[in-house]
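Since the structure comes first, as structure tokens, the remarks are kept for the end.
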Amino acid sequence: MKQKPHYQKKSIRRRWAAVLFSLVIAVMAVCPAVPILAEEPAGSGPSNGEGTMSVPEELGQLYAVSAVLLDGDSGRILFEKNGHEVRPMASTTKIMTCILALETLDEDTAVTVSEYAASQPKVHLGMRAGEEYRLGDLLYSLMLESHNDSAVAVAEAAGGSVEGFAEMMNKKAREIGCEDTCFLTPNGLDAEKDVDGEKKVHSTTAVDLARIMRYCTMESPAKERFREITGTKDYAFSAAGRSFSCYNHNAFLSMMEGAFSGKTGFTGDAGYCYVGALEKDGKTFIVALLACGWPNNKSYKWSDTKKLMGYGLENYQYREIYKAPELKPVPVLNGIPESGELTDTAEIGLVEVKEEGSRWELLMKEGEEVKIEQTLEESLEAPVTAGQTVGRIVYSLNGEMVASSEIRTAGRVEAVSLSWCISKIIDNFLLNF
């Protein structure tokens, strides 16, 4: 057989090199990454389709102008009636006074009574200016008997003045997400103040009040002590040469099994108010009521609280909401494929990482379904590092996010380089001869 001339061999090699180089250029072509959205159908929830919460038949006759039932574990609002309506809250204010005192002062702190503290109206302990009291004793006076003079004395000890303490109260309210609350006093007496030409009123909403109670009983570093004080039936102490006895006016503590904390309140503007907490069957519920009747309707708040707590216990059960996603490898543009072949496409595997603070078990009632939305890059651009965030999965219930996780790369993919291209061209060239 006649051999090809040497110059023809060189020509063939050049043609092969040109073909291989064209393939390299194609591999290195850049395509834009486009986000895609995958969504599961939403189930029915407690919304009436107009952005407001539907009213269960058994909760249609509440006395309170504003009422909220809140899941103490997740902070989710399970039911509300005018929950975001701003109203005065009377002595339910004192839950914030108590928790701030516990967080900022030692209970053995000596509190000296000012003229202003001693001048507070009934209900009061009967302090006299210049007397000295132990802070821990005053907290029982504050929370069991709702003494107004004790509230001011505690506020002055913790904040330097009532105004300074009110700033602390409002700051804490903002920190825990209560944007519709305005504290002017530590005891909850009706008050208003002109600030830069704007009238400020001592007020909150049922939603904010429930959230403050959740903070006091579930989140604060002083939550255990708060629970202990507010759950005490009676307390006696001596100070300034006198003896004092305090009895808890939160009658709900003995009305339902599992009730463990709460605070009553009343003023002429606020009406009867209440905020309370209950734990039973592994569930924690918080109820907040504002304007729940005026004299002679003192018992309305107990009726509403029992109705709301009973509704929560009967209708809500814990359900697992997690669903493992199907994560397929994503193409990596301009990346070196695992096979090392020029004609193959580089891909990267994905893993799911659950985000901190997510709740994968929720109190839900029949008919409620979690909506799952996934966003993910259609392709990635090399180089890709391990653990790179490329997407997210969001779980929401009735429009509120309850859990989420990140989608990250499971490994790394290097970018195609000139040296790699040259080595592959040479390898492919040699394989053909």
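So you can find residues: chains in the structure tokens are A, B, ... in the order shown, residues in each start at 1, and ligands are numbered from 1 in order.
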Long-range neighbours of Thr264 in chain A as an MDAnalysis selection string, 12 Å cut-off, only C-alpha atoms, 6 positions minimum in chain: chainID A and resid 89:95 142:147 187:188 230 248:253 270:276 287:292 298:299 301:302 305
Contacts of range 110-123 of chain A within 8 Å, only C-alpha atoms, excl. fewer than 4 positions in-chain, as a PDB file with N, CA, C and O atoms, in the first residue's frame:
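This is the output file part-v4.pdb:
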ATOM      1  N   MET A 127     -46.755  52.945  99.495  1.00  0.00           N
ATOM      2  CA  MET A 127     -45.378  53.349  99.779  1.00  0.00           C
ATOM      3  C   MET A 127     -45.322  54.798 100.291  1.00  0.00           C
ATOM      4  O   MET A 127     -46.195  55.614 100.002  1.00  0.00           O
ATOM      5  N   ARG A 128     -44.243  55.082 101.003  1.00  0.00           N
ATOM      6  CA  ARG A 128     -43.981  56.444 101.471  1.00  0.00           C
ATOM      7  C   ARG A 128     -42.622  56.886 100.936  1.00  0.00           C
ATOM      8  O   ARG A 128     -41.689  56.082 100.855  1.00  0.00           O
ATOM      9  N   ALA A 129     -42.559  58.137 100.572  1.00  0.00           N
ATOM     10  CA  ALA A 129     -41.313  58.672 100.020  1.00  0.00           C
ATOM     11  C   ALA A 129     -40.162  58.453 100.999  1.00  0.00           C
ATOM     12  O   ALA A 129     -40.306  58.668 102.200  1.00  0.00           O
ATOM     13  N   GLY A 130     -39.027  57.999 100.449  1.00  0.00           N
ATOM     14  CA  GLY A 130     -37.846  57.763 101.273  1.00  0.00           C
ATOM     15  C   GLY A 130     -37.718  56.343 101.780  1.00  0.00           C
ATOM     16  O   GLY A 130     -36.638  55.944 102.234  1.00  0.00           O
ATOM     17  N   GLU A 131     -38.788  55.568 101.724  1.00  0.00           N
ATOM     18  CA  GLU A 131     -38.718  54.176 102.169  1.00  0.00           C
ATOM     19  C   GLU A 131     -37.894  53.345 101.190  1.00  0.00           C
ATOM     20  O   GLU A 131     -37.752  53.693 100.026  1.00  0.00           O
ATOM     21  N   GLU A 132     -37.377  52.239 101.689  1.00  0.00           N
ATOM     22  CA  GLU A 132     -36.545  51.358 100.866  1.00  0.00           C
ATOM     23  C   GLU A 132     -37.177  49.971 100.782  1.00  0.00           C
ATOM     24  O   GLU A 132     -37.609  49.418 101.791  1.00  0.00           O
ATOM     25  N   TYR A 133     -37.211  49.442  99.566  1.00  0.00           N
ATOM     26  CA  TYR A 133     -37.810  48.131  99.323  1.00  0.00           C
ATOM     27  C   TYR A 133     -36.865  47.281  98.477  1.00  0.00           C
ATOM     28  O   TYR A 133     -36.051  47.811  97.709  1.00  0.00           O
ATOM     29  N   ARG A 134     -37.001  45.981  98.637  1.00  0.00           N
ATOM     30  CA  ARG A 134     -36.239  45.049  97.796  1.00  0.00           C
ATOM     31  C   ARG A 134     -36.960  44.905  96.467  1.00  0.00           C
ATOM     32  O   ARG A 134     -38.175  44.708  96.414  1.00  0.00           O
ATOM     33  N   LEU A 135     -36.211  45.001  95.368  1.00  0.00           N
ATOM     34  CA  LEU A 135     -36.813  44.938  94.037  1.00  0.00           C
ATOM     35  C   LEU A 135     -37.639  43.670  93.845  1.00  0.00           C
ATOM     36  O   LEU A 135     -38.768  43.725  93.334  1.00  0.00           O
ATOM     37  N   GLU A 145     -50.805  42.089  92.615  1.00  0.00           N
ATOM     38  CA  GLU A 145     -51.803  43.076  93.042  1.00  0.00           C
ATOM     39  C   GLU A 145     -51.945  44.245  92.066  1.00  0.00           C
ATOM     40  O   GLU A 145     -52.840  45.062  92.209  1.00  0.00           O
ATOM     41  N   SER A 146     -51.007  44.354  91.113  1.00  0.00           N
ATOM     42  CA  SER A 146     -51.023  45.418  90.107  1.00  0.00           C
ATOM     43  C   SER A 146     -50.871  46.807  90.728  1.00  0.00           C
ATOM     44  O   SER A 146     -51.508  47.769  90.298  1.00  0.00           O
ATOM     45  N   HIS A 147     -49.976  46.931  91.713  1.00  0.00           N
ATOM     46  CA  HIS A 147     -49.788  48.203  92.399  1.00  0.00           C
ATOM     47  C   HIS A 147     -49.086  49.229  91.516  1.00  0.00           C
ATOM     48  O   HIS A 147     -47.997  48.989  91.000  1.00  0.00           O
ATOM     49  N   ASN A 148     -49.703  50.397  91.387  1.00  0.00           N
ATOM     50  CA  ASN A 148     -49.179  51.448  90.515  1.00  0.00           C
ATOM     51  C   ASN A 148     -47.934  52.126  91.083  1.00  0.00           C
ATOM     52  O   ASN A 148     -47.047  52.526  90.322  1.00  0.00           O
ATOM     53  N   ASP A 149     -47.869  52.264  92.409  1.00  0.00           N
ATOM     54  CA  ASP A 149     -46.678  52.896  92.993  1.00  0.00           C
ATOM     55  C   ASP A 149     -45.454  51.983  92.863  1.00  0.00           C
ATOM     56  O   ASP A 149     -44.340  52.449  92.599  1.00  0.00           O
ATOM     57  N   SER A 150     -45.653  50.687  92.976  1.00  0.00           N
ATOM     58  CA  SER A 150     -44.547  49.743  92.796  1.00  0.00           C
ATOM     59  C   SER A 150     -44.003  49.816  91.378  1.00  0.00           C
ATOM     60  O   SER A 150     -42.789  49.736  91.148  1.00  0.00           O
ATOM     61  N   VAL A 152     -43.927  52.404  89.336  1.00  0.00           N
ATOM     62  CA  VAL A 152     -43.117  53.607  89.151  1.00  0.00           C
ATOM     63  C   VAL A 152     -41.778  53.468  89.870  1.00  0.00           C
ATOM     64  O   VAL A 152     -40.721  53.835  89.343  1.00  0.00           O
ATOM     65  N   ALA A 153     -41.786  52.913  91.079  1.00  0.00           N
ATOM     66  CA  ALA A 153     -40.537  52.730  91.830  1.00  0.00           C
ATOM     67  C   ALA A 153     -39.589  51.800  91.080  1.00  0.00           C
ATOM     68  O   ALA A 153     -38.382  52.052  90.991  1.00  0.00           O
ATOM     69  N   VAL A 154     -40.129  50.728  90.506  1.00  0.00           N
ATOM     70  CA  VAL A 154     -39.315  49.791  89.734  1.00  0.00           C
ATOM     71  C   VAL A 154     -38.762  50.479  88.489  1.00  0.00           C
ATOM     72  O   VAL A 154     -37.581  50.331  88.141  1.00  0.00           O
ATOM     73  N   ALA A 157     -35.941  52.834  89.290  1.00  0.00           N
ATOM     74  CA  ALA A 157     -34.725  52.102  89.656  1.00  0.00           C
ATOM     75  C   ALA A 157     -34.021  51.552  88.419  1.00  0.00           C
ATOM     76  O   ALA A 157     -32.788  51.562  88.334  1.00  0.00           O
TER      77      ALA A 157
END
Range 158-165 of chain A surroundings by only C-alpha atoms, 8 Å radius, close-in-sequence under 5 positions cut, as a list in words: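 Here the answer would be Leu100, Ala101, Thr104, Leu105, Val152, Leu184, Thr185 and Pro186 of chain A.
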Please produce a file of those selected residues containing C-alpha atoms, as a short mmCIF file (atom, residue, chain, number, x, y, z; two decimals), in the first residue's frame.
data_model
loop_
_atom_site.label_atom_id
_atom_site.label_comp_id
_atom_site.auth_asym_id
_atom_site.auth_seq_id
_atom_site.Cartn_x
_atom_site.Cartn_y
_atom_site.Cartn_z
CA LEU A 100 -37.29 44.61 81.84
CA ALA A 101 -36.67 44.84 85.58
CA THR A 104 -31.61 44.69 83.95
CA LEU A 105 -31.52 44.55 87.76
CA VAL A 152 -43.12 53.61 89.15
CA LEU A 184 -45.58 56.24 78.20
CA THR A 185 -45.99 54.81 81.71
CA PRO A 186 -44.78 51.67 83.52
#
Counting only C-alpha atoms, which residue out of A:Met213, A:Leu313, A:Val413, A:Val351 sits closest to Val332 in chain A?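 For Val332 in chain A, the nearest of the candidates is A:Val413.
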Using 8 Å as the limit and counting only C-alpha atoms, can you tabulate each residue of range 125-218 of chain A that touches range 61-81 of chain A, with its shortest atom-to-atom distance in Å and the two atoms involved, as JSON lines?
{"residue": "A:Thr205", "atom": "CA", "partner": "A:Ser66", "partner_atom": "CA", "distance": 7.8}
{"residue": "A:Ala206", "atom": "CA", "partner": "A:Ala67", "partner_atom": "CA", "distance": 5.8}
{"residue": "A:Val207", "atom": "CA", "partner": "A:Val68", "partner_atom": "CA", "distance": 6.1}
{"residue": "A:Ala210", "atom": "CA", "partner": "A:Leu70", "partner_atom": "CA", "distance": 6.8}
{"residue": "A:Arg211", "atom": "CA", "partner": "A:Gly75", "partner_atom": "CA", "distance": 7.2}
{"residue": "A:Arg214", "atom": "CA", "partner": "A:Gly72", "partner_atom": "CA", "distance": 5.9}
{"residue": "A:Met218", "atom": "CA", "partner": "A:Gly72", "partner_atom": "CA", "distance": 7.2}
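Atom pair CA of Ile393 in chain A / CA of Leu380 in chain A: separated by 18.0 Å.
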Name the closest residue to Leu327 in chain A among the candidates A:Glu192, A:Asp304, A:Glu352, A:Glu179; distances are taken between atoms, counting only C-alpha atoms.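 Once distances to Leu327 in chain A are computed over only C-alpha atoms, the minimum belongs to A:Glu352.
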Pick out the closest residue to Ala191 in chain A from this set: A:Glu355, A:Arg412, A:Ser245, A:Ser203. Count only C-alpha atoms. A:Ser203
Please indicate the distance in Å from CA of Leu189 in chain A to CA of His202 in chain A, rounded to one decimal place.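 That distance, rounded to one decimal, is 8.1 Å.
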Please list as a ChimeraX atom specification every residue within 12 Å of Ser243 in chain A, counting only C-alpha atoms and excluding residues in the same chain fewer than 5 positions away. /A:125-127,133,137,235-238
Report as a ChimeraX atom specification: the residues of range 89-179 of chain A with a DSSP assignment of strand (DSSP E), based on the backbone of this structure. /A:110-112,132-134
Please write the residues from the selection above to a file, keeping C-alpha atoms, as a PDB file, in the first residue's frame.
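As a result, result_36.pdb now contains:
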ATOM      1  CA  ALA A 110     -32.564  48.247  97.109  1.00  0.00           C
ATOM      2  CA  VAL A 111     -35.229  50.570  95.662  1.00  0.00           C
ATOM      3  CA  THR A 112     -35.721  53.981  97.312  1.00  0.00           C
ATOM      4  CA  GLU A 132     -36.545  51.358 100.866  1.00  0.00           C
ATOM      5  CA  TYR A 133     -37.810  48.131  99.323  1.00  0.00           C
ATOM      6  CA  ARG A 134     -36.239  45.049  97.796  1.00  0.00           C
TER       7      ARG A 134
END
Which of these residues is nearest to Lys371 in chain A, using only C-alpha atoms: A:Asn82, A:Asn398, A:Thr385, A:Asn170? A:Asn398
Nearest to Glu414 in chain A: which of A:Asp194, A:Glu381, A:Glu219, A:Asp180 is it, counting only C-alpha atoms?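 Selected residue with least distance to Glu414 in chain A: A:Glu381.
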From the options A:Lys172, A:Lys354, A:Arg359, A:Lys323, which residue's atoms come nearest to Arg408 in chain A, counting only C-alpha atoms? A:Lys354
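Take CA of Thr181 in chain A and CA of Met364 in chain A: the distance between them is 28.2 Å.
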Could you give me the residues within range 134-164 of chain A that DSSP places in alpha helix (DSSP H), as a list of chain:residue names?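 Assigned to alpha helix (DSSP H), within range 134-164 of chain A: A:Leu135, A:Gly136, A:Asp137, A:Leu138, A:Leu139, A:Tyr140, A:Ser141, A:Leu142, A:Met143, A:Leu144, A:Asn148, A:Asp149, A:Ser150, A:Ala151, A:Val152, A:Ala153, A:Val154, A:Ala155, A:Glu156, A:Ala157, A:Ala158, A:Gly159, A:Val162, A:Glu163, A:Gly164.
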